[in-house]
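Trainee: First the structure, then my questions, so here it is.
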Amino acid sequence: MENREIVIIGGGPAGLAAAAAARQNGAEDILILERDRFLGGILNQCIHNGFGLHTFKEELTGPEYAARYISQVREQNIECRLNTMVLDLSADRVVTCMSRDRGIETIKAGAVILAMGCRERPRGALNIPGYRPAGIYTAGTAQRLMNIEGYLVGRKVVILGSGDIGLIMARRMTLEGARVLAVAELMPYSGGLRRNIVQCLEDYDIPLLLSHTVTDIKGKERVEGIEISEVDAASKPIPGTEKFYEADTLLLSCGLLPENELTRAMGAQICPATKGPAVTDSLETTIPGVFACGNVLHVHDLVDYVSEEAAHAGRSAALYIKRSSASQHRTVPVVTFGGVRYTVPQSIDTLEMDDKLTVRFRVGSVIKDKKLCLYYDDDKVSSVNKRVMAPGEMEQIVIKKDSFNGRDDIKEIRLGIED
Amino acid sequence: MKTDVLIIGGGVVGCSVARFLSFYDIKVMLVDKEEDVCSGTSKANSAIVHAGFDASFGSLKQKFNIAGSKMMEELSKELDFPYKRNGSMVLCKYKEDEPQLRKVYENGIKGGVEGLKLLTADEARAIEPGLTDELYMALLAESGAIVCPFGLTIAMAENAAANGAEFIMDCKVEDIIKQEDGYLVKTGKGDILTRVVVNAAGVYADAIHNMVSDNKLHITARKGEYKLMDKEAGDHVSHTIFLLPGKMGKGVLVSPTVHGNLLAGPTADDVDDKEETATHAGSLEELTAKASDLVKDIPFYNTITSFSGLRAHEEGGDFVVGECDDAAGFFDAAGIESPGLTAAPAIGEYLAAKIAEYLGAGQKDNLIRKRRAIPSPSEMSPDERAEYIRSNPSYGAIVCRCEGISEGEIREAIRRKPGAVSMDGVKRRVRAGMGRCQAGFCTPRTMEILAEELGIDMTSVCKNRKGSELIKAE
């Protein structure tokens with residue numbers, strides 16, 4: 001069996017940034033395993049701009065953003081195995097992977113970083129009735145066919161879901177000559193970034209129908225029409241509100257699901273709200289020496305934050321393999337209340353944490369003119385006015401290590417929203 | 001074109017007849033209007049091998065059901081398709097229904113079904129803990145089983161092809177004209193002169209039958225909608241769970257599939273249009289409620305797809321199997337609704353023997369009985385898999401992540417005879433695209449492989465029949 005200090009599963013933005021940071025923090029022996037034929041993951045098909053504003057202070061396309069990290073990884077001589085699928089990961093960090101060229105291999109890793117990304121929620125999971133013709137794609141699949149393979153999948157398009165990939169694809173397909181008839185969103189608010197709604201829909205006069213869903217798909221061979229209905233407060237279609245769109249294509253942009261098959265099989269605890277592993281402030285899962293970052297941990301809106309989070313995981317993994325003896329811990333759970341849906345991390349080691357820790361979170365519905373409050377047990381330690389927070393935009397709060405000074409018996413950190 | 005036997009319909013029944021007929025020293029041809037075999041009722045059903053207690057005593061349904069059920073395990077070894085004897089259970093929820101349950105039990109015993117047992121509610125729960133709280137008694141059928149309907153149908157087709165049977169797809173029958181000795185069958189791909197016709201046309205078997213016979217058949221398409229759940233939910237039950245049968249058939253069932261998913265369905269609605277395979281919100285809700293009446297806490301949130309299939313219900317209520325009274329050499333396998341999947345091997349064997357007798361044909365000297373499935377490395381032991389990939393590297397390149405299906409498997413699915421020519425054909429043969437992401441990741445690569453293997457352009461790759469191109473041309 002091969003031995004490696006750090007094995008990173010996934011060579012997308014998270015895996016690349018984790019690798020670079022692990023190297024910068026002294027890890028010598030790093031291996032990236034990537035299932036696709038190139039590094040960069042989903043960024044390769046995101047040919048629009050808007051990436052890197054936080055990280056590089058300039059606007060890059062997805063492939064350009066990926067290229068910056070790919071060249072770092074190359075310069076640091078970090079080994080990458082492409083076209084390599086990880087089949088199994090055990091709790092003692094034995095990675096089994098497979099490729100055409102190398103067959104099946106097992107690798108014992110000192111630390112593992114999970115960076116497998118996420119997948120799109122398919123039609124079946126949405127229970128959309130109707131026929132099952134050709135012409136129904138998740139937005140990301142259509143994006144890959146468009147931007148990597150060079151095929152426009154349809155000419156008259158309806159999009160269900162206002163997730164960012166759907167919004168981007170509305171503009172992309174319009175620019176390629178397709179007509180996007182409508183974007184229907186089940187919720188009374190969009191799941192995508194505000195800037196994408198403006199730049200991808202409003203600029204092209206594409207209607208966004210909030211509180212609407214697809215209630216029928218017509219066409220036996222190819223999509224011939226899409227029926228959209230308004231929904232009530234319980235998300236149930238309202239009879240009599242049906243509108244018919246003569247379309248040949250339905251794109252679905254209805255949410256992303258972290259790809260945690262390996263994580264689950266390994267026995268790591270999964271957070272029901274994020275569908276990713278529960279992690280501590282070092283982004284370590286409940287399996288020692290296994291770290292997670294990027295969309296496999298929780299779905300992000302901005303790749304810049306993925307890179308930042310991944311760098312943190314890379315550094316933690318590098319420290320983990322160097323640490324000889326067990327140090328002292330005081331692990332405190334982070335609990336949410338009043339509309340905060342989840343936090344990452346889900347727990348903080350107040351003795352071992354960095355001086356400053358970014359806690360990322362999302363709210364469950366649109367929240368206006370409220371206060372974001374942080375409690376240490378029953379003490380309110382901070383309260384920040386928030387004009388608006390939406391489920392589609394990830395929020396963050398910075399917690400400092402010294403704020404725990406004199407709180408040796410802390411039981412719970414609570415983050416939530418109050419009037 | 002000329003042949004001894006022309007089979008109309010490449011579903012499980014047509015392919016079964018083709019398989020057993022291909023053992024005889026005659027020319028066998030099969031036509032289907034779709035691009036591939038297993039494209040109608042055979043692809044969208046409960047995937048159950050019924051024990052046979054249900055069909056009424058003395059009916060053809062019962063005869064072929066019980067015979068088919070007894071053949072299935074052996075056949076699954078001979079033809080290498082997935083089969084599992086998981087046992088089935090009929091639930092009797094209320095005391096007042098006990099006489100009806102006993103009637104079903106006695107009907108099964110009379111027909112010769114083995115392994116039937118009446119259980120108390122506690123006994124039933126001991127072996128199937130997830131059953132509804134409202135339970136009075138249950139009937140256990142140990143011989144009940146689950147099967148891969150695609151695997152069964154395609155295995156029989158491949159075995160028939162290996163024995164020389166010819167498959168012509170995209171070939172719709174337009175008319176059949178009686179000849180002195182046999183029939184002239186007019187199709188979209190030209191005229192076929194044949195001595196014998198086998199009518200295995202599923203929901204269209206009435207139309208085919210009525211082209212030659214004055215004793216008209218009338219088949220109604222009875223639609224059944226299903227929900228299929230993720231493999232995470234696959235062990236929610238271990239048996240196939242039915243409610244006591246009613247007038248519209250066996251009602252909704254909850255069952256594991258042979259691939260480890262959980263299946264709930266079907267509803268039963270008669271439809272006028274024999275192409276009407278859409279699902280409806282109301283029906284999906286109905287099946288959700290009915291299934292929840294049998295088994296507690298079914299994880300419907302884990303649904304990965306819903307689909308519907310059409311059963312061919314003949315108004316006589318029974319299978320129509322055998323030579324047509326007023327058309328010599330015209331053999332029907334019509335009205336094959338549930339338990340048709342179970343019955344198919346027995347119907348095939350029976351009709352093949354009858355047809356061979358009619359033609360005075362003997363068995364081939366060099367017939368092939370066995371067929372091997374496409375190698376599936378994800379089901380091999382780690383060492384076996386490693387060894388297999390060393391000599392077959394394309395089986396190491398994963399295309400479908402969810403089901404772990406490799407490029408090698410997909411290429412083999414296309415290269416076999418009859419091979420896949422569409423995305424759905426690939427999916428039915430090797431499960432690429434059948435997993436939890438429902439082909440989100442593997443679609444582009446599978447399209448590429450299909451285009452390469454078939455020598456066609458990407459824009460011509462279809463989901464299934466012509467007109468279902470994945471790329472919409474201008």
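Residues are referred to by chain and number: the chain letter is A, B, ... according to the order shown in the structure tokens, the number counts from 1 in that chain, and ligands are numbered separately from 1 in the order shown.
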Give me the residues near Leu262 of chain A as a list in words, where near means some atom within 10 Å (using only C-alpha atoms) and where sequence neighbours in that chain fewer than 2 positions away do not count.

Mentor: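 These residues fall inside the cut-off: Ile9, Val86, Leu87, Asp88, Leu89, Ser90, Val95, Leu114, Met116, Glu259, Asn260, Arg264, Ala265, Met266, Gly267 and Ala268 of chain A.
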
Trainee: Write out, as a PDB file, in the first residue's frame, the residues just selected, with N, CA and C atoms.

Mentor:
ATOM      1  N   ILE A   9      -9.328  14.558  -1.891  1.00  0.00           N
ATOM      2  CA  ILE A   9     -10.271  13.937  -2.818  1.00  0.00           C
ATOM      3  C   ILE A   9     -11.031  15.044  -3.532  1.00  0.00           C
ATOM      4  N   VAL A  86     -12.386   7.882  -6.598  1.00  0.00           N
ATOM      5  CA  VAL A  86     -12.228   7.254  -5.279  1.00  0.00           C
ATOM      6  C   VAL A  86     -13.449   6.366  -5.039  1.00  0.00           C
ATOM      7  N   LEU A  87     -13.178   5.104  -4.766  1.00  0.00           N
ATOM      8  CA  LEU A  87     -14.256   4.140  -4.575  1.00  0.00           C
ATOM      9  C   LEU A  87     -14.630   4.006  -3.115  1.00  0.00           C
ATOM     10  N   ASP A  88     -13.617   4.159  -2.253  1.00  0.00           N
ATOM     11  CA  ASP A  88     -13.872   3.918  -0.841  1.00  0.00           C
ATOM     12  C   ASP A  88     -12.866   4.686   0.010  1.00  0.00           C
ATOM     13  N   LEU A  89     -13.358   5.079   1.174  1.00  0.00           N
ATOM     14  CA  LEU A  89     -12.506   5.754   2.141  1.00  0.00           C
ATOM     15  C   LEU A  89     -12.866   5.156   3.491  1.00  0.00           C
ATOM     16  N   SER A  90     -11.879   4.634   4.195  1.00  0.00           N
ATOM     17  CA  SER A  90     -12.196   4.004   5.472  1.00  0.00           C
ATOM     18  C   SER A  90     -11.875   4.972   6.608  1.00  0.00           C
ATOM     19  N   VAL A  95      -7.544   5.083   1.394  1.00  0.00           N
ATOM     20  CA  VAL A  95      -8.301   5.528   0.226  1.00  0.00           C
ATOM     21  C   VAL A  95      -8.156   4.470  -0.867  1.00  0.00           C
ATOM     22  N   LEU A 114     -11.590  16.151   2.273  1.00  0.00           N
ATOM     23  CA  LEU A 114     -12.731  15.880   1.398  1.00  0.00           C
ATOM     24  C   LEU A 114     -13.057  17.153   0.629  1.00  0.00           C
ATOM     25  N   MET A 116     -15.125  16.955  -2.570  1.00  0.00           N
ATOM     26  CA  MET A 116     -15.798  16.304  -3.699  1.00  0.00           C
ATOM     27  C   MET A 116     -16.871  17.169  -4.346  1.00  0.00           C
ATOM     28  N   GLU A 259     -21.975  16.060  -2.123  1.00  0.00           N
ATOM     29  CA  GLU A 259     -21.783  14.660  -2.525  1.00  0.00           C
ATOM     30  C   GLU A 259     -21.040  13.893  -1.445  1.00  0.00           C
ATOM     31  N   ASN A 260     -21.780  13.406  -0.480  1.00  0.00           N
ATOM     32  CA  ASN A 260     -21.129  12.817   0.687  1.00  0.00           C
ATOM     33  C   ASN A 260     -21.238  11.303   0.804  1.00  0.00           C
ATOM     34  N   ARG A 264     -20.317   9.469   4.268  1.00  0.00           N
ATOM     35  CA  ARG A 264     -21.298   8.645   4.989  1.00  0.00           C
ATOM     36  C   ARG A 264     -20.778   7.233   5.201  1.00  0.00           C
ATOM     37  N   ALA A 265     -20.232   6.664   4.115  1.00  0.00           N
ATOM     38  CA  ALA A 265     -19.763   5.273   4.190  1.00  0.00           C
ATOM     39  C   ALA A 265     -18.648   5.146   5.224  1.00  0.00           C
ATOM     40  N   MET A 266     -17.878   6.219   5.393  1.00  0.00           N
ATOM     41  CA  MET A 266     -16.776   6.212   6.345  1.00  0.00           C
ATOM     42  C   MET A 266     -17.296   6.287   7.781  1.00  0.00           C
ATOM     43  N   GLY A 267     -18.534   6.740   7.925  1.00  0.00           N
ATOM     44  CA  GLY A 267     -19.119   6.802   9.259  1.00  0.00           C
ATOM     45  C   GLY A 267     -19.053   8.167   9.905  1.00  0.00           C
ATOM     46  N   ALA A 268     -18.700   9.197   9.136  1.00  0.00           N
ATOM     47  CA  ALA A 268     -18.652  10.548   9.702  1.00  0.00           C
ATOM     48  C   ALA A 268     -20.071  11.050   9.938  1.00  0.00           C
TER      49      ALA A 268
END

Trainee: As JSON, numbers by chain, which residues of segment 76-190 of chain B does DSSP assign to helix (DSSP H, G or I)?

Mentor: {"B": [76, 77, 78, 79, 95, 96, 97, 98, 99, 100, 101, 102, 103, 104, 105, 106, 107, 108, 109, 110, 111, 121, 122, 123, 124, 125, 126, 127, 149, 150, 151, 152, 153, 154, 155, 156, 157, 158, 159, 160, 161, 162]}

Trainee: Using N, CA and C atoms, can you write the selected residues to a file as a compact mmCIF listing (two decimals), in the first residue's frame?

Mentor:
# COMPACT_ATOMS: atom_id res chain seq x y z
N SER B 76 -32.42 -17.33 -14.22
CA SER B 76 -31.55 -16.20 -13.85
C SER B 76 -30.09 -16.65 -13.81
N LYS B 77 -29.87 -17.94 -13.53
CA LYS B 77 -28.49 -18.45 -13.54
C LYS B 77 -28.05 -18.71 -14.98
N GLU B 78 -28.96 -19.28 -15.76
CA GLU B 78 -28.63 -19.61 -17.14
C GLU B 78 -28.33 -18.34 -17.95
N LEU B 79 -29.13 -17.31 -17.70
CA LEU B 79 -29.01 -16.09 -18.52
C LEU B 79 -28.35 -14.94 -17.76
N LYS B 95 -59.94 -7.45 10.86
CA LYS B 95 -60.45 -8.78 11.16
C LYS B 95 -61.50 -9.22 10.15
N GLU B 96 -62.35 -8.27 9.75
CA GLU B 96 -63.44 -8.66 8.84
C GLU B 96 -62.94 -9.10 7.47
N ASP B 97 -61.68 -8.80 7.15
CA ASP B 97 -61.15 -9.21 5.85
C ASP B 97 -60.46 -10.59 5.90
N GLU B 98 -60.44 -11.19 7.08
CA GLU B 98 -59.74 -12.47 7.22
C GLU B 98 -60.24 -13.54 6.23
N PRO B 99 -61.58 -13.66 6.05
CA PRO B 99 -62.05 -14.69 5.09
C PRO B 99 -61.47 -14.47 3.69
N GLN B 100 -61.33 -13.21 3.32
CA GLN B 100 -60.78 -12.91 1.99
C GLN B 100 -59.31 -13.33 1.91
N LEU B 101 -58.55 -13.08 2.97
CA LEU B 101 -57.14 -13.47 2.99
C LEU B 101 -57.03 -15.00 2.91
N ARG B 102 -57.90 -15.69 3.65
CA ARG B 102 -57.87 -17.16 3.63
C ARG B 102 -58.20 -17.68 2.23
N LYS B 103 -59.10 -16.97 1.56
CA LYS B 103 -59.46 -17.36 0.20
C LYS B 103 -58.24 -17.27 -0.73
N VAL B 104 -57.48 -16.20 -0.57
CA VAL B 104 -56.27 -16.02 -1.37
C VAL B 104 -55.29 -17.16 -1.08
N TYR B 105 -55.14 -17.46 0.19
CA TYR B 105 -54.25 -18.53 0.63
C TYR B 105 -54.66 -19.86 -0.01
N GLU B 106 -55.96 -20.17 0.10
CA GLU B 106 -56.45 -21.45 -0.43
C GLU B 106 -56.35 -21.51 -1.95
N ASN B 107 -56.57 -20.36 -2.58
CA ASN B 107 -56.42 -20.28 -4.03
C ASN B 107 -54.99 -20.63 -4.44
N GLY B 108 -54.05 -20.14 -3.67
CA GLY B 108 -52.65 -20.42 -3.95
C GLY B 108 -52.32 -21.89 -3.73
N ILE B 109 -52.79 -22.44 -2.62
CA ILE B 109 -52.54 -23.85 -2.31
C ILE B 109 -53.10 -24.75 -3.41
N LYS B 110 -54.32 -24.43 -3.83
CA LYS B 110 -54.98 -25.21 -4.87
C LYS B 110 -54.19 -25.17 -6.18
N GLY B 111 -53.62 -24.01 -6.48
CA GLY B 111 -52.85 -23.87 -7.72
C GLY B 111 -51.45 -24.47 -7.63
N ALA B 121 -50.27 -10.93 13.13
CA ALA B 121 -49.65 -9.61 12.96
C ALA B 121 -48.26 -9.59 13.60
N ASP B 122 -48.14 -10.19 14.78
CA ASP B 122 -46.84 -10.19 15.47
C ASP B 122 -45.80 -10.99 14.71
N GLU B 123 -46.22 -12.13 14.18
CA GLU B 123 -45.28 -12.94 13.40
C GLU B 123 -44.82 -12.17 12.16
N ALA B 124 -45.75 -11.46 11.54
CA ALA B 124 -45.40 -10.68 10.35
C ALA B 124 -44.43 -9.58 10.71
N ARG B 125 -44.70 -8.91 11.82
CA ARG B 125 -43.84 -7.80 12.23
C ARG B 125 -42.46 -8.27 12.65
N ALA B 126 -42.41 -9.51 13.15
CA ALA B 126 -41.11 -10.05 13.58
C ALA B 126 -40.16 -10.16 12.39
N ILE B 127 -40.69 -10.45 11.21
CA ILE B 127 -39.79 -10.56 10.05
C ILE B 127 -39.81 -9.29 9.18
N PRO B 149 -36.35 -6.34 -14.55
CA PRO B 149 -37.14 -6.58 -15.77
C PRO B 149 -36.35 -6.30 -17.04
N PHE B 150 -35.45 -5.32 -16.96
CA PHE B 150 -34.60 -5.03 -18.13
C PHE B 150 -33.63 -6.19 -18.34
N GLY B 151 -33.02 -6.61 -17.25
CA GLY B 151 -32.05 -7.70 -17.31
C GLY B 151 -32.66 -8.96 -17.90
N LEU B 152 -33.86 -9.31 -17.42
CA LEU B 152 -34.55 -10.51 -17.91
C LEU B 152 -34.84 -10.38 -19.41
N THR B 153 -35.43 -9.27 -19.80
CA THR B 153 -35.84 -9.10 -21.20
C THR B 153 -34.62 -9.07 -22.12
N ILE B 154 -33.62 -8.28 -21.75
CA ILE B 154 -32.45 -8.12 -22.62
C ILE B 154 -31.63 -9.41 -22.66
N ALA B 155 -31.56 -10.12 -21.54
CA ALA B 155 -30.83 -11.40 -21.52
C ALA B 155 -31.47 -12.39 -22.50
N MET B 156 -32.80 -12.44 -22.50
CA MET B 156 -33.47 -13.37 -23.42
C MET B 156 -33.26 -12.94 -24.87
N ALA B 157 -33.29 -11.62 -25.10
CA ALA B 157 -33.05 -11.11 -26.46
C ALA B 157 -31.64 -11.46 -26.92
N GLU B 158 -30.66 -11.24 -26.05
CA GLU B 158 -29.27 -11.53 -26.43
C GLU B 158 -29.07 -13.02 -26.70
N ASN B 159 -29.71 -13.84 -25.86
CA ASN B 159 -29.56 -15.28 -26.05
C ASN B 159 -30.22 -15.72 -27.36
N ALA B 160 -31.37 -15.11 -27.67
CA ALA B 160 -32.04 -15.41 -28.94
C ALA B 160 -31.14 -15.00 -30.10
N ALA B 161 -30.54 -13.81 -29.99
CA ALA B 161 -29.67 -13.32 -31.07
C ALA B 161 -28.45 -14.23 -31.24
N ALA B 162 -27.92 -14.71 -30.09
CA ALA B 162 -26.77 -15.62 -30.17
C ALA B 162 -27.13 -16.90 -30.91

Trainee: Any idea which chain A residues end up within 9 Å of chain B if we count only C-alpha atoms, as an MDAnalysis selection string please?

Mentor: chainID A and resid 35 83:85 87 98:105 119:138 140:141 144:145 149 151:155 215:218 220:223 248:249 261

Trainee: Create the file for the chosen residues now, containing C-alpha atoms and written as a PDB file, in the first residue's frame.

Mentor:
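Okay, this is what ended up in result29.pdb:
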ATOM      1  CA  ARG A  35     -12.272  12.050 -11.248  1.00  0.00           C
ATOM      2  CA  ASN A  83      -9.455  10.433 -14.313  1.00  0.00           C
ATOM      3  CA  THR A  84      -9.250   8.786 -10.920  1.00  0.00           C
ATOM      4  CA  MET A  85     -12.368   7.850  -9.013  1.00  0.00           C
ATOM      5  CA  LEU A  87     -14.256   4.140  -4.575  1.00  0.00           C
ATOM      6  CA  MET A  98      -9.429   3.509  -9.563  1.00  0.00           C
ATOM      7  CA  SER A  99      -8.411   4.732 -12.967  1.00  0.00           C
ATOM      8  CA  ARG A 100      -8.027   3.416 -16.459  1.00  0.00           C
ATOM      9  CA  ASP A 101      -4.235   3.769 -16.402  1.00  0.00           C
ATOM     10  CA  ARG A 102      -3.399   2.630 -12.897  1.00  0.00           C
ATOM     11  CA  GLY A 103      -6.221   0.246 -12.087  1.00  0.00           C
ATOM     12  CA  ILE A 104      -7.238  -0.065  -8.460  1.00  0.00           C
ATOM     13  CA  GLU A 105      -4.916   1.365  -5.823  1.00  0.00           C
ATOM     14  CA  ARG A 119     -24.457  17.653  -7.408  1.00  0.00           C
ATOM     15  CA  GLU A 120     -27.718  19.121  -8.648  1.00  0.00           C
ATOM     16  CA  ARG A 121     -31.133  18.050  -7.453  1.00  0.00           C
ATOM     17  CA  PRO A 122     -32.727  16.106 -10.332  1.00  0.00           C
ATOM     18  CA  ARG A 123     -36.291  16.199 -11.613  1.00  0.00           C
ATOM     19  CA  GLY A 124     -37.286  13.024  -9.818  1.00  0.00           C
ATOM     20  CA  ALA A 125     -36.485  14.552  -6.453  1.00  0.00           C
ATOM     21  CA  LEU A 126     -38.796  17.445  -7.287  1.00  0.00           C
ATOM     22  CA  ASN A 127     -41.805  15.245  -8.075  1.00  0.00           C
ATOM     23  CA  ILE A 128     -42.681  17.169 -11.218  1.00  0.00           C
ATOM     24  CA  PRO A 129     -45.463  15.300 -12.980  1.00  0.00           C
ATOM     25  CA  GLY A 130     -45.765  14.830 -16.738  1.00  0.00           C
ATOM     26  CA  TYR A 131     -43.955  12.924 -19.455  1.00  0.00           C
ATOM     27  CA  ARG A 132     -40.261  12.051 -19.401  1.00  0.00           C
ATOM     28  CA  PRO A 133     -39.086  13.305 -22.784  1.00  0.00           C
ATOM     29  CA  ALA A 134     -35.643  14.475 -23.884  1.00  0.00           C
ATOM     30  CA  GLY A 135     -34.976  18.122 -23.164  1.00  0.00           C
ATOM     31  CA  ILE A 136     -35.055  18.114 -19.372  1.00  0.00           C
ATOM     32  CA  TYR A 137     -31.665  19.002 -17.958  1.00  0.00           C
ATOM     33  CA  THR A 138     -30.246  20.202 -14.715  1.00  0.00           C
ATOM     34  CA  GLY A 140     -25.225  22.392 -14.756  1.00  0.00           C
ATOM     35  CA  THR A 141     -25.524  19.528 -17.237  1.00  0.00           C
ATOM     36  CA  ARG A 144     -21.372  21.535 -19.442  1.00  0.00           C
ATOM     37  CA  LEU A 145     -22.847  20.545 -22.810  1.00  0.00           C
ATOM     38  CA  GLU A 149     -18.797  20.212 -25.411  1.00  0.00           C
ATOM     39  CA  TYR A 151     -23.826  22.128 -27.882  1.00  0.00           C
ATOM     40  CA  LEU A 152     -26.851  24.297 -27.307  1.00  0.00           C
ATOM     41  CA  VAL A 153     -29.347  21.870 -25.799  1.00  0.00           C
ATOM     42  CA  GLY A 154     -32.520  23.773 -26.678  1.00  0.00           C
ATOM     43  CA  ARG A 155     -34.069  26.750 -28.405  1.00  0.00           C
ATOM     44  CA  THR A 215     -47.054  21.447 -12.909  1.00  0.00           C
ATOM     45  CA  ASP A 216     -46.879  19.532 -16.185  1.00  0.00           C
ATOM     46  CA  ILE A 217     -44.394  18.538 -18.851  1.00  0.00           C
ATOM     47  CA  LYS A 218     -45.842  17.910 -22.314  1.00  0.00           C
ATOM     48  CA  LYS A 220     -43.582  12.303 -25.561  1.00  0.00           C
ATOM     49  CA  GLU A 221     -40.209  12.344 -27.331  1.00  0.00           C
ATOM     50  CA  ARG A 222     -38.949  15.877 -26.808  1.00  0.00           C
ATOM     51  CA  VAL A 223     -40.341  18.545 -24.486  1.00  0.00           C
ATOM     52  CA  ASP A 248     -38.537  22.494 -26.089  1.00  0.00           C
ATOM     53  CA  THR A 249     -36.353  22.539 -23.002  1.00  0.00           C
ATOM     54  CA  GLU A 261     -21.355   9.156  -0.301  1.00  0.00           C
TER      55      GLU A 261
END

Trainee: Please identify all polymer residues within 9 Å of Leu6 of chain B, counting only C-alpha atoms, omitting same-chain residues fewer than 3 positions from it, and present them as a ChimeraX atom specification.

Mentor: /B:3,27-31,185,192-199

Trainee: Extract, using only C-alpha atoms, all DNA, RNA and protein residues at most 12 Å from Val384 of chain A, discarding same-chain residues fewer than 6 positions from it, and format them as a list of chain:residue names.

Mentor: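 Near Val384 of chain A, the qualifying residues are A:Asp369, A:Lys370, A:Lys371, A:Leu372, A:Cys373, A:Leu374, A:Gln396, A:Ile397, A:Val398, A:Leu415, A:Gly416, A:Ile417, A:Glu418, A:Asp419.
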
Trainee: Save out the residues we just selected, N, CA and C atoms, as a PDB file, in the first residue's frame.

Mentor:
ATOM      1  N   ASP A 369     -34.462  43.774   8.727  1.00  0.00           N
ATOM      2  CA  ASP A 369     -34.375  44.663   9.888  1.00  0.00           C
ATOM      3  C   ASP A 369     -34.452  43.908  11.218  1.00  0.00           C
ATOM      4  N   LYS A 370     -33.514  42.999  11.392  1.00  0.00           N
ATOM      5  CA  LYS A 370     -33.428  42.259  12.656  1.00  0.00           C
ATOM      6  C   LYS A 370     -31.989  42.315  13.146  1.00  0.00           C
ATOM      7  N   LYS A 371     -31.804  41.711  14.309  1.00  0.00           N
ATOM      8  CA  LYS A 371     -30.458  41.693  14.884  1.00  0.00           C
ATOM      9  C   LYS A 371     -29.896  40.274  14.857  1.00  0.00           C
ATOM     10  N   LEU A 372     -28.623  40.189  14.475  1.00  0.00           N
ATOM     11  CA  LEU A 372     -27.914  38.920  14.549  1.00  0.00           C
ATOM     12  C   LEU A 372     -27.196  38.892  15.890  1.00  0.00           C
ATOM     13  N   CYS A 373     -27.552  37.930  16.733  1.00  0.00           N
ATOM     14  CA  CYS A 373     -27.034  37.917  18.104  1.00  0.00           C
ATOM     15  C   CYS A 373     -26.202  36.672  18.378  1.00  0.00           C
ATOM     16  N   LEU A 374     -25.102  36.896  19.083  1.00  0.00           N
ATOM     17  CA  LEU A 374     -24.213  35.801  19.457  1.00  0.00           C
ATOM     18  C   LEU A 374     -24.208  35.696  20.982  1.00  0.00           C
ATOM     19  N   GLN A 396     -21.569  35.570   7.180  1.00  0.00           N
ATOM     20  CA  GLN A 396     -20.490  35.133   8.059  1.00  0.00           C
ATOM     21  C   GLN A 396     -20.316  36.063   9.247  1.00  0.00           C
ATOM     22  N   ILE A 397     -19.722  35.522  10.280  1.00  0.00           N
ATOM     23  CA  ILE A 397     -19.412  36.305  11.471  1.00  0.00           C
ATOM     24  C   ILE A 397     -18.046  35.830  11.961  1.00  0.00           C
ATOM     25  N   VAL A 398     -17.245  36.770  12.432  1.00  0.00           N
ATOM     26  CA  VAL A 398     -15.896  36.412  12.889  1.00  0.00           C
ATOM     27  C   VAL A 398     -15.903  36.297  14.412  1.00  0.00           C
ATOM     28  N   LEU A 415     -25.967  31.212  18.012  1.00  0.00           N
ATOM     29  CA  LEU A 415     -26.056  32.262  17.014  1.00  0.00           C
ATOM     30  C   LEU A 415     -27.480  32.291  16.485  1.00  0.00           C
ATOM     31  N   GLY A 416     -28.093  33.473  16.501  1.00  0.00           N
ATOM     32  CA  GLY A 416     -29.474  33.530  16.036  1.00  0.00           C
ATOM     33  C   GLY A 416     -29.937  34.938  15.772  1.00  0.00           C
ATOM     34  N   ILE A 417     -31.218  35.037  15.481  1.00  0.00           N
ATOM     35  CA  ILE A 417     -31.790  36.326  15.084  1.00  0.00           C
ATOM     36  C   ILE A 417     -32.850  36.752  16.086  1.00  0.00           C
ATOM     37  N   GLU A 418     -32.784  38.019  16.459  1.00  0.00           N
ATOM     38  CA  GLU A 418     -33.774  38.576  17.387  1.00  0.00           C
ATOM     39  C   GLU A 418     -34.316  39.879  16.821  1.00  0.00           C
ATOM     40  N   ASP A 419     -35.441  40.301  17.342  1.00  0.00           N
ATOM     41  CA  ASP A 419     -36.049  41.558  16.886  1.00  0.00           C
ATOM     42  C   ASP A 419     -35.235  42.761  17.377  1.00  0.00           C
TER      43      ASP A 419
END

Trainee: Please provide as a list in words all residues within 10 Å of Leu217 of chain B, with the sequence filter that same-chain residues fewer than 4 positions apart are discarded (counting only C-alpha atoms).

Mentor: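 The residues that qualify are Ala205, Asp206, Ala207, Ile208, His209, Asn210, Ser213, Glu314, Glu315, Gly316, Val320, Ala334 and Gly335 of chain B.
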
Trainee: Any idea what the distance is between atom CA of Arg387 of chain A and atom CA of Phe361 of chain A?

Mentor: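 Taking atom CA of Arg387 of chain A as the start and atom CA of Phe361 of chain A as the end point, the length is 16.2 Å.
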
Trainee: Could you jot down the atom CA of Glu79 of chain A to atom CA of Asn25 of chain A separation for me, Å, one decimal place?

Mentor: 16.6 Å

Trainee: When you draw a straight line from atom CA of Ala184 of chain A to atom CA of Val231 of chain A, how long is it in Å?

Mentor: 10.7 Å
